[in-house]
file protein01.cif (mmCIF, C-alpha atoms)
data_final
#
loop_
_atom_site.label_atom_id
_atom_site.label_comp_id
_atom_site.auth_asym_id
_atom_site.auth_seq_id
_atom_site.Cartn_x
_atom_site.Cartn_y
_atom_site.Cartn_z
CA MET A 96 107.19 136.78 113.44
CA ALA A 97 107.41 135.19 109.99
CA LEU A 98 110.16 132.86 111.20
CA PHE A 99 108.04 131.76 114.19
CA THR A 100 105.03 131.09 111.94
CA CYS A 101 107.13 128.98 109.56
CA LYS A 102 108.57 126.91 112.42
CA TYR A 103 105.09 126.38 113.88
CA PHE A 104 103.74 125.24 110.49
CA CYS A 105 106.64 122.78 110.03
CA PHE A 106 105.96 121.41 113.52
CA LEU A 107 102.30 120.76 112.65
CA VAL A 108 103.24 119.02 109.40
CA ALA A 109 105.73 116.77 111.19
CA LEU A 110 103.19 115.96 113.91
CA PHE A 111 100.61 115.00 111.28
CA ALA A 112 103.10 112.79 109.43
CA ILE A 113 103.99 110.94 112.64
CA SER A 114 100.40 110.41 113.77
CA PHE A 115 99.14 109.31 110.34
CA LYS A 116 98.59 105.55 110.10
CA PRO A 117 97.22 103.51 107.19
CA CYS A 118 94.01 101.73 107.97
CA TYR A 119 91.99 99.06 106.24
CA CYS A 120 88.26 99.33 106.06
CA HIS A 121 87.76 96.21 108.18
CA ASN A 122 90.14 97.25 110.94
CA GLU A 123 87.68 99.93 111.91
CA THR A 124 88.17 102.50 114.63
CA HIS A 125 84.51 103.48 115.01
CA TRP A 126 82.12 101.27 116.92
CA LYS A 127 78.71 100.51 115.43
CA PRO A 128 75.52 99.32 117.13
CA ALA A 129 74.38 95.69 116.97
CA GLY A 130 72.32 93.13 118.86
CA ILE A 131 73.60 89.91 120.45
CA THR A 132 72.09 86.67 121.73
CA TRP A 133 73.64 83.32 122.62
CA TYR A 134 72.93 79.66 121.87
CA GLY A 135 74.10 76.19 122.82
CA GLU A 136 75.47 75.30 126.22
CA ARG A 137 76.30 78.00 128.75
CA GLU A 138 80.06 77.44 128.49
CA GLY A 139 79.94 75.69 125.13
CA PHE A 140 80.78 76.51 121.53
CA GLY A 141 77.27 76.99 120.18
CA SER A 142 76.79 74.16 117.74
CA SER A 143 79.10 71.49 116.39
CA GLY A 144 80.90 73.34 113.64
CA GLY A 145 78.02 75.28 112.21
CA ALA A 146 77.22 76.23 108.63
CA CYS A 147 80.79 77.32 107.77
CA GLY A 148 82.08 73.75 107.94
CA TYR A 149 84.76 74.07 110.62
CA GLY A 150 83.48 71.01 112.47
CA ASP A 151 84.52 70.37 116.05
CA ALA A 152 87.67 72.51 115.55
CA VAL A 153 85.76 75.50 117.00
CA ALA A 154 85.91 73.86 120.46
CA LYS A 155 89.71 73.44 120.32
CA PRO A 156 92.65 75.84 120.17
CA PRO A 157 93.11 78.31 118.66
CA TYR A 158 89.34 79.01 118.42
CA ASN A 159 88.57 77.94 122.03
CA CYS A 160 84.79 78.31 121.65
CA MET A 161 85.13 82.08 120.99
CA ILE A 162 82.88 81.95 117.95
CA SER A 163 79.57 83.39 116.80
CA ALA A 164 76.82 82.84 114.28
CA GLY A 165 76.14 85.86 112.09
CA GLY A 166 72.91 87.36 110.87
CA PRO A 167 72.37 87.80 107.11
CA SER A 168 74.37 91.04 107.00
CA ILE A 169 77.35 89.35 108.69
CA TYR A 170 77.20 85.84 107.24
CA GLN A 171 76.71 87.12 103.64
CA ASP A 172 75.89 83.70 102.13
CA GLY A 173 79.14 82.24 103.44
CA LYS A 174 81.47 85.11 102.49
CA GLY A 175 81.63 86.14 106.14
CA CYS A 176 82.93 82.78 107.36
CA GLY A 177 86.23 83.18 109.17
CA THR A 178 85.97 86.95 109.72
CA CYS A 179 86.63 88.35 113.19
CA TYR A 180 84.85 91.04 115.20
CA GLU A 181 85.21 92.73 118.56
CA VAL A 182 82.05 93.13 120.63
CA VAL A 183 81.67 95.31 123.75
CA CYS A 184 78.65 96.04 125.96
CA ASP A 185 78.05 98.76 128.55
CA HIS A 186 75.59 96.85 130.78
CA PRO A 187 76.42 96.94 134.54
CA PHE A 188 77.22 93.20 134.35
CA CYS A 189 79.74 93.81 131.54
CA THR A 190 83.42 94.56 131.94
CA LYS A 191 83.28 97.09 129.09
CA ARG A 192 86.28 95.33 127.58
CA PRO A 193 85.94 94.09 123.96
CA VAL A 194 85.71 90.36 123.25
CA LYS A 195 86.93 88.98 119.91
CA VAL A 196 84.85 86.32 118.13
CA MET A 197 85.06 84.56 114.76
CA ILE A 198 82.09 83.87 112.48
CA SER A 199 81.61 80.09 112.16
CA ASP A 200 77.86 79.68 111.75
CA GLU A 201 74.74 81.24 110.25
CA CYS A 202 71.74 82.68 112.07
CA PRO A 203 69.13 83.15 109.32
CA GLY A 204 66.41 84.27 111.77
CA CYS A 205 68.52 86.99 113.40
CA THR A 206 66.88 89.89 111.58
CA LYS A 207 65.52 91.91 114.48
CA SER A 208 68.44 94.32 114.18
CA ALA A 209 70.42 95.30 111.11
CA VAL A 210 73.52 93.59 112.51
CA HIS A 211 73.19 90.63 114.87
CA PHE A 212 75.62 88.22 116.51
CA ASP A 213 74.44 84.93 118.02
CA LEU A 214 77.39 84.21 120.29
CA SER A 215 78.43 80.92 121.79
CA GLY A 216 77.65 80.55 125.49
CA LYS A 217 81.32 80.99 126.39
CA ALA A 218 81.79 84.14 124.27
CA PHE A 219 78.60 85.70 125.69
CA GLY A 220 79.75 85.04 129.26
CA ALA A 221 83.20 86.51 128.52
CA LEU A 222 81.58 89.95 128.31
CA ALA A 223 80.61 89.80 132.00
CA HIS A 224 82.50 90.39 135.20
CA PRO A 225 83.87 87.22 136.85
CA GLY A 226 81.02 85.30 138.48
CA GLN A 227 78.29 87.25 136.65
CA GLY A 228 78.29 85.30 133.38
CA ASP A 229 75.07 83.45 134.16
CA GLN A 230 73.32 86.65 135.20
CA LEU A 231 74.30 88.25 131.88
CA ARG A 232 73.20 85.19 129.90
CA ASN A 233 69.83 85.25 131.67
CA LEU A 234 69.14 88.62 130.05
CA GLY A 235 68.90 86.78 126.72
CA GLU A 236 69.49 89.72 124.36
CA LEU A 237 71.67 92.81 124.62
CA LYS A 238 72.51 95.91 122.66
CA VAL A 239 76.22 96.18 122.03
CA LYS A 240 78.77 97.90 119.85
CA TYR A 241 81.01 96.09 117.39
CA LYS A 242 83.76 96.60 114.84
CA ARG A 243 85.59 94.32 112.44
CA VAL A 244 89.21 93.50 113.25
CA PHE A 245 92.02 91.32 111.94
CA CYS A 246 91.98 87.66 112.92
CA GLU A 247 94.95 86.37 114.86
CA HIS A 248 95.42 82.74 115.82
CA PRO A 249 98.75 82.56 117.70
CA ASN A 250 101.22 79.81 116.78
CA SER A 251 98.89 78.45 114.09
CA LYS A 252 99.41 77.73 110.41
CA ILE A 253 96.75 77.42 107.75
CA ALA A 254 95.18 73.95 107.61
CA ILE A 255 93.26 72.26 104.78
CA HIS A 256 90.42 69.99 105.97
CA ILE A 257 89.46 67.65 103.11
CA ASP A 258 85.73 67.02 102.79
CA PRO A 259 84.70 63.39 103.51
CA GLY A 260 82.97 63.21 100.11
CA ALA A 261 86.02 64.32 98.08
CA ASN A 262 87.57 62.03 95.44
CA PRO A 263 90.10 62.36 92.58
CA TYR A 264 87.36 63.74 90.31
CA TYR A 265 85.80 66.06 92.89
CA MET A 266 88.02 68.09 95.26
CA SER A 267 86.45 69.86 98.24
CA PHE A 268 87.97 71.27 101.44
CA ALA A 269 87.66 73.93 104.16
CA VAL A 270 90.45 76.37 105.05
CA LYS A 271 91.03 76.85 108.79
CA PHE A 272 93.08 78.98 111.20
CA VAL A 273 93.43 81.93 108.82
CA ASN A 274 95.02 85.13 110.14
CA GLY A 275 94.41 88.61 108.76
CA ASP A 276 91.17 89.07 106.83
CA GLY A 277 89.95 85.57 107.70
CA ASN A 278 88.02 85.13 104.46
CA PHE A 279 89.00 84.89 100.80
CA GLU A 280 88.31 86.56 97.50
CA CYS A 281 89.23 83.39 95.63
CA VAL A 282 90.92 80.03 96.15
CA ASP A 283 92.90 78.23 93.42
CA ILE A 284 94.37 74.73 93.40
CA GLN A 285 97.27 73.47 91.29
CA PRO A 286 97.56 69.73 90.58
CA ALA A 287 100.97 68.24 89.91
CA GLY A 288 102.37 69.44 86.56
CA GLU A 289 99.33 71.59 85.72
CA ALA A 290 98.21 75.21 85.93
CA TYR A 291 96.09 76.67 88.70
CA LEU A 292 92.38 75.81 88.63
CA LYS A 293 89.81 78.17 90.13
CA MET A 294 87.60 76.72 92.85
CA GLU A 295 84.00 77.61 93.75
CA ARG A 296 82.68 78.69 97.14
CA MET A 297 79.96 76.46 98.62
CA ARG A 298 78.13 79.16 100.65
CA SER A 299 80.48 78.47 103.56
CA ALA A 300 84.21 78.18 104.27
CA VAL A 301 84.28 75.11 102.00
CA TRP A 302 85.58 75.40 98.42
CA LYS A 303 85.01 72.82 95.67
CA LEU A 304 86.27 71.89 92.22
CA ASN A 305 84.48 69.47 89.90
CA ALA A 306 87.22 68.93 87.33
CA GLY A 307 85.50 66.09 85.45
CA ARG A 308 88.77 64.16 85.36
CA ALA A 309 91.11 62.58 87.87
CA LEU A 310 93.50 65.10 89.48
CA LYS A 311 96.91 63.99 90.71
CA GLY A 312 98.79 65.40 93.69
CA PRO A 313 100.64 66.85 95.36
CA PHE A 314 98.53 70.02 95.26
CA ASP A 315 99.46 73.67 95.82
CA VAL A 316 96.71 75.92 97.18
CA ARG A 317 96.73 79.64 96.37
CA LEU A 318 94.69 81.90 98.69
CA THR A 319 93.72 85.52 97.95
CA SER A 320 92.38 87.47 100.95
CA ALA A 321 89.05 89.23 100.54
CA VAL A 322 89.88 92.77 101.67
CA THR A 323 93.64 93.34 101.51
CA LYS A 324 93.97 91.16 98.34
CA THR A 325 97.09 89.51 99.76
CA VAL A 326 98.12 86.34 97.91
CA LEU A 327 99.53 83.37 99.83
CA VAL A 328 100.57 79.99 98.39
CA ALA A 329 100.66 76.80 100.47
CA LYS A 330 103.15 74.62 98.59
CA CYS A 331 102.36 70.87 98.38
CA VAL A 332 99.93 71.21 101.30
CA ILE A 333 97.82 68.30 100.00
CA PRO A 334 100.07 65.25 99.44
CA GLU A 335 99.97 62.92 96.48
CA LYS A 336 98.24 60.15 98.46
CA TRP A 337 95.61 62.18 100.29
CA SER A 338 92.59 60.84 102.14
CA PRO A 339 89.01 62.18 102.40
CA GLY A 340 88.30 63.71 105.82
CA ALA A 341 92.00 64.25 106.60
CA ILE A 342 93.48 67.56 107.83
CA TYR A 343 96.75 68.75 106.29
CA HIS A 344 98.72 71.58 107.91
CA SER A 345 100.79 74.04 105.89
CA VAL A 346 103.82 76.02 107.01
CA VAL A 347 102.42 79.47 106.10
CA ASN A 348 99.83 81.95 107.30
CA PHE A 349 98.87 85.55 106.60
CA ALA A 350 100.74 88.23 108.53
CA VAL A 351 98.77 90.39 110.93
CA PRO A 352 99.57 94.09 110.32
CA HIS A 353 101.56 95.50 113.21
CA PHE A 354 99.22 98.42 113.77
CA ALA A 355 96.41 96.00 114.64
CA HIS A 356 98.09 95.39 118.04
CA LYS A 357 98.55 98.99 119.05
CA LYS A 358 96.61 100.33 121.97
CA PRO A 359 94.04 103.04 121.31
CA ILE A 360 95.45 106.51 121.33
CA HIS A 361 94.27 108.61 124.25
CA HIS A 362 94.23 112.22 123.23
CA HIS A 363 96.06 114.45 125.65
CA LYS A 364 94.42 117.30 127.43
CA PRO A 365 94.74 120.64 125.68
CA ILE A 366 97.94 122.40 126.58
CA HIS A 367 97.42 125.94 127.77
CA HIS A 368 100.49 127.90 126.92
CA LYS A 369 101.44 130.84 129.05
CA PRO A 370 101.19 134.18 127.33
CA ILE A 371 104.44 135.39 125.91
CA HIS A 372 105.54 138.68 127.46
CA HIS A 373 107.66 140.57 125.05
CA HIS A 374 110.91 141.86 126.50
CA LYS A 375 111.54 145.49 126.99
CA PRO A 376 113.53 147.15 124.26
CA ILE A 377 117.24 146.78 124.81
CA HIS A 378 119.22 149.99 124.50
CA HIS A 379 122.67 149.13 123.34
CA LYS A 380 125.55 151.39 124.28
CA PRO A 381 127.30 152.98 121.34
CA ILE A 382 130.43 151.19 120.33
CA HIS A 383 133.45 153.43 119.97
CA HIS A 384 135.83 151.99 117.51
CA LYS A 385 139.48 152.79 117.77
CA PRO A 386 140.87 154.73 114.84
CA ILE A 387 142.56 152.63 112.25
CA HIS A 388 146.16 153.56 111.69
CA HIS A 389 147.24 152.88 108.18
CA HIS A 390 150.48 151.07 107.80
CA LYS A 391 153.54 152.75 106.51
CA PRO A 392 154.32 152.19 102.87
CA ILE A 393 156.46 149.16 102.25
CA HIS A 394 159.52 149.74 100.09
CA HIS A 395 160.51 146.57 98.35
CA LYS A 396 164.09 146.06 97.40
CA PRO A 397 164.73 145.64 93.69
CA ILE A 398 165.32 142.11 92.61
CA HIS A 399 168.43 141.65 90.46
CA ARG A 400 168.21 138.61 88.33
CA LYS A 401 171.13 137.18 86.45
CA PRO A 402 170.77 137.14 82.68
CA ILE A 403 170.14 133.76 81.19
CA HIS A 404 172.62 132.88 78.46
CA ARG A 405 171.24 130.26 76.18
CA LYS A 406 173.41 128.42 73.73
CA PRO A 407 172.45 128.84 70.08
CA ILE A 408 170.86 125.83 68.52
CA HIS A 409 172.62 124.76 65.33
CA ARG A 410 170.37 122.71 63.18
CA LYS A 411 171.62 120.75 60.24
CA PRO A 412 170.23 121.88 56.88
CA ILE A 413 167.75 119.54 55.38
CA HIS A 414 168.67 118.57 51.83
CA ARG A 415 165.72 117.33 49.95
CA LYS A 416 166.07 115.60 46.63
CA PRO A 417 164.25 117.26 43.78
CA ILE A 418 161.20 115.46 42.61
CA HIS A 419 161.33 114.66 38.89
CA ARG A 420 157.94 114.05 37.55
CA LYS A 421 157.44 112.38 34.23
CA PRO A 422 155.60 114.49 31.68
CA ILE A 423 152.14 113.35 30.91
CA HIS A 424 151.62 112.78 27.17
CA ARG A 425 147.99 112.80 26.32
CA LYS A 426 146.75 111.62 23.01
CA PRO A 427 144.90 114.24 20.97
CA ILE A 428 141.24 113.65 20.72
CA HIS A 429 140.04 113.55 17.14
CA ARG A 430 136.38 114.19 16.94
CA LYS A 431 134.43 113.49 13.84
CA PRO A 432 132.70 116.48 12.35
CA ILE A 433 128.95 116.45 12.76
CA HIS A 434 127.16 116.78 9.45
CA ARG A 435 123.66 117.98 9.95
CA LYS A 436 121.12 117.89 7.23
CA PRO A 437 119.79 121.28 6.21
CA ILE A 438 116.26 121.90 7.31
CA HIS A 439 114.03 122.82 4.39
CA ARG A 440 110.96 124.55 5.55
CA LYS A 441 108.01 125.12 3.33
CA PRO A 442 107.12 128.74 2.79
CA MET A 443 104.01 129.78 4.60
CA LEU A 444 101.40 130.92 2.14
CA ARG A 445 99.09 133.25 3.82
CA LYS A 446 95.90 134.42 2.24
CA PRO A 447 95.85 138.05 1.34
CA ILE A 448 93.83 140.20 3.64
CA HIS A 449 90.99 141.85 1.75
CA HIS A 450 89.97 145.03 3.42
CA HIS A 451 86.32 145.62 3.55
CA LYS A 452 84.84 147.98 1.16
CA PRO A 453 83.89 151.32 2.62
CA ILE A 454 80.30 151.46 3.63
CA HIS A 455 78.47 154.39 2.15
CA LEU A 456 75.52 155.32 4.20
CA LYS A 457 72.64 156.84 2.49
CA PRO A 458 71.46 160.11 3.90
CA CYS A 459 68.26 159.87 5.82
CA HIS A 460 65.65 162.36 4.57
CA ARG A 461 62.89 162.90 7.03
CA LYS A 462 59.70 164.54 6.13
CA LEU A 463 58.87 167.40 8.40
CA PRO A 464 55.25 167.99 9.25
CA HIS A 465 53.67 170.95 7.58
CA LYS A 466 52.53 173.60 9.97
CA THR A 467 49.16 175.14 9.24
CA HIS A 468 48.83 178.84 9.81
CA LYS A 469 45.61 180.05 11.23
#
call {"tool": "encode", "arguments": {"input": "protein01.cif", "output": "structure tokens"}}
result
Amino acid sequence: MALFTCKYFCFLVALFAISFKPCYCHNETHWKPAGITWYGEREGFGSSGGACGYGDAVAKPPYNCMISAGGPSIYQDGKGCGTCYEVVCDHPFCTKRPVKVMISDECPGCTKSAVHFDLSGKAFGALAHPGQGDQLRNLGELKVKYKRVFCEHPNSKIAIHIDPGANPYYMSFAVKFVNGDGNFECVDIQPAGEAYLKMERMRSAVWKLNAGRALKGPFDVRLTSAVTKTVLVAKCVIPEKWSPGAIYHSVVNFAVPHFAHKKPIHHHKPIHHKPIHHHKPIHHKPIHHKPIHHHKPIHHKPIHRKPIHRKPIHRKPIHRKPIHRKPIHRKPIHRKPIHRKPIHRKPMLRKPIHHHKPIHLKPCHRKLPHKTHK
């Protein structure tokens, strides 16, 4: 029984180790409630670029109009630009399959619910069954569930879109097509032959640096993701002779964790094990061992060995010459006698001790009172 319990415990530990997966806080597994609306054209991309500064890139691959404006809790003064979410609705017109959107705009008036997404017309219609997109859009507002997920833009590398107002003294650009977290904790730029300089967020996906002096390229851009804190460097992404308004593509992008692609785990039905019927006790037949016959004593023949005659070894005597040592004649040491002066000490004259004279006490005569006789 103890062995069975130990095996069962080891099986549970192994099962837990296999099923355990690391998870980031923004690749959530629990759906949360939110409200959604839509804006712009019915099959359009909302507005041209929006507050994040992506421009008309939201209408082209890899975004493909699947974008959304976020309420204050999602937009977060520009920190939410570039983040991705999955939205799913359970209305009869909906497919009940999640649709992924990226935050590219701000909806400051979307405060009716704690979390609100103002989807593009195309993203809103993607929630519906084929042919029922207009019917779903006619509802105007829906209650949905959402969760944050990793961004993934297939076959895309990070691009730097230089702001039209940038110049050698003032650098400003937006970062596009970002996989993984989608947003950044910080962005640093390194001019040619200098150290990295920290840039400032402009309440959007645009970052700026007012260096107060002319900066020379080419420039390296260092990106630190907001949640996973992953650091990525785009080497020489901005050339030495750059132009305002130009878009420069790098050769790097953040990796999407492999567990973000895995399908949801469907828990199996409980397994009902059949009761274990213990076997009947087995009565073993007694085993009759054959008696052991001890072997007869073995008489070994005596071994006669021939005596070994060794030749005597005659060694030559060693004659050593006597060692004659010269006698050591030491000179006698004549020491001068030490004449010490006699020490004359003065006699100590002590005063004679005069014994005190004996003290003669006078007798004390007391007068006794006279008794009167009556």
call {"tool": "resolve_selection", "arguments": {"input": "protein01.cif", "expression": "the PyMOL selection byres ((chain A and resi 346-348) around 9)", "output": "list in words"}}
result
Ser251, Lys252, Ile253, Ala254, Phe272, Val273, Asn274, Gly275, Leu327, Val328, Ala329, Lys330, Val332, His344, Ser345, Phe349 and Ala350 of chain A
call {"tool": "closest_residue", "arguments": {"input": "protein01.cif", "among": "A:Asn233, A:Thr190, A:Thr178, A:Thr206", "to": "A:Ala221", "atoms": "all atoms listed in the file"}}
result
A:Thr190
call {"tool": "resolve_selection", "arguments": {"input": "protein01.cif", "expression": "the PyMOL selection byres ((chain A and resi 241) around 6)", "output": "JSON, numbers by chain"}}
result
{"A": [126, 127, 181, 182, 240, 242]}
call {"tool": "write_last_selection", "arguments": {"input": "protein01.cif", "atoms": "C-alpha atoms", "output": "PDB file, in the coordinates of the input"}}
result
ATOM      1  CA  TRP A 126      82.120 101.270 116.920  1.00  0.00           C
ATOM      2  CA  LYS A 127      78.710 100.510 115.430  1.00  0.00           C
ATOM      3  CA  GLU A 181      85.210  92.730 118.560  1.00  0.00           C
ATOM      4  CA  VAL A 182      82.050  93.130 120.630  1.00  0.00           C
ATOM      5  CA  LYS A 240      78.770  97.900 119.850  1.00  0.00           C
ATOM      6  CA  LYS A 242      83.760  96.600 114.840  1.00  0.00           C
TER       7      LYS A 242
END
call {"tool": "resolve_selection", "arguments": {"input": "protein01.cif", "expression": "the PyMOL selection byres ((chain A and resi 199) around 9)", "output": "PDB file with C-alpha atoms, keeping the file's coordinate frame"}}
result
ATOM      1  CA  GLY A 144      80.900  73.340 113.640  1.00  0.00           C
ATOM      2  CA  GLY A 145      78.020  75.280 112.210  1.00  0.00           C
ATOM      3  CA  ALA A 146      77.220  76.230 108.630  1.00  0.00           C
ATOM      4  CA  CYS A 147      80.790  77.320 107.770  1.00  0.00           C
ATOM      5  CA  GLY A 148      82.080  73.750 107.940  1.00  0.00           C
ATOM      6  CA  TYR A 149      84.760  74.070 110.620  1.00  0.00           C
ATOM      7  CA  VAL A 153      85.760  75.500 117.000  1.00  0.00           C
ATOM      8  CA  ILE A 162      82.880  81.950 117.950  1.00  0.00           C
ATOM      9  CA  SER A 163      79.570  83.390 116.800  1.00  0.00           C
ATOM     10  CA  ALA A 164      76.820  82.840 114.280  1.00  0.00           C
ATOM     11  CA  GLY A 165      76.140  85.860 112.090  1.00  0.00           C
ATOM     12  CA  TYR A 170      77.200  85.840 107.240  1.00  0.00           C
ATOM     13  CA  GLY A 175      81.630  86.140 106.140  1.00  0.00           C
ATOM     14  CA  CYS A 176      82.930  82.780 107.360  1.00  0.00           C
ATOM     15  CA  GLY A 177      86.230  83.180 109.170  1.00  0.00           C
ATOM     16  CA  THR A 178      85.970  86.950 109.720  1.00  0.00           C
ATOM     17  CA  MET A 197      85.060  84.560 114.760  1.00  0.00           C
ATOM     18  CA  ILE A 198      82.090  83.870 112.480  1.00  0.00           C
ATOM     19  CA  ASP A 200      77.860  79.680 111.750  1.00  0.00           C
ATOM     20  CA  GLU A 201      74.740  81.240 110.250  1.00  0.00           C
ATOM     21  CA  SER A 299      80.480  78.470 103.560  1.00  0.00           C
ATOM     22  CA  ALA A 300      84.210  78.180 104.270  1.00  0.00           C
TER      23      ALA A 300
END
call {"tool": "closest_residue", "arguments": {"input": "protein01.cif", "among": "A:Leu231, A:Lys271, A:Asn250, A:Val351", "to": "A:Asp151", "atoms": "only C-alpha atoms"}}
result
A:Lys271
call {"tool": "residues_near_point", "arguments": {"input": "protein01.cif", "point": "(87.5, 89.6, 99.4)", "cutoff": "7 Å", "atoms": "only C-alpha atoms", "output": "PDB file with C-alpha atoms, in the frame of the given file"}}
result
ATOM      1  CA  ASN A 278      88.020  85.130 104.460  1.00  0.00           C
ATOM      2  CA  PHE A 279      89.000  84.890 100.800  1.00  0.00           C
ATOM      3  CA  GLU A 280      88.310  86.560  97.500  1.00  0.00           C
ATOM      4  CA  SER A 320      92.380  87.470 100.950  1.00  0.00           C
ATOM      5  CA  ALA A 321      89.050  89.230 100.540  1.00  0.00           C
ATOM      6  CA  VAL A 322      89.880  92.770 101.670  1.00  0.00           C
ATOM      7  CA  LYS A 324      93.970  91.160  98.340  1.00  0.00           C
TER       8      LYS A 324
END
call {"tool": "atom_distance", "arguments": {"input": "protein01.cif", "atom1": "atom CA of A:Pro249", "atom2": "atom CA of A:Ile284"}}
result
25.9 Å
call {"tool": "residues_near_point", "arguments": {"input": "protein01.cif", "point": "(77.2, 96.0, 123.9)", "cutoff": "7 Å", "atoms": "all atoms listed in the file", "output": "mmCIF file with C-alpha atoms, keeping the file's coordinate frame"}}
result
data_model
loop_
_atom_site.group_PDB
_atom_site.id
_atom_site.type_symbol
_atom_site.label_atom_id
_atom_site.label_comp_id
_atom_site.auth_asym_id
_atom_site.auth_seq_id
_atom_site.Cartn_x
_atom_site.Cartn_y
_atom_site.Cartn_z
ATOM 1 C CA VAL A 182 82.050 93.130 120.630
ATOM 2 C CA VAL A 183 81.670 95.310 123.750
ATOM 3 C CA CYS A 184 78.650 96.040 125.960
ATOM 4 C CA ASP A 185 78.050 98.760 128.550
ATOM 5 C CA LEU A 237 71.670 92.810 124.620
ATOM 6 C CA LYS A 238 72.510 95.910 122.660
ATOM 7 C CA VAL A 239 76.220 96.180 122.030
ATOM 8 C CA LYS A 240 78.770 97.900 119.850
#
call {"tool": "closest_residue", "arguments": {"input": "protein01.cif", "among": "A:Lys416, A:His248, A:Arg317, A:Arg308", "to": "A:Lys293", "atoms": "only C-alpha atoms"}}
result
A:Arg317
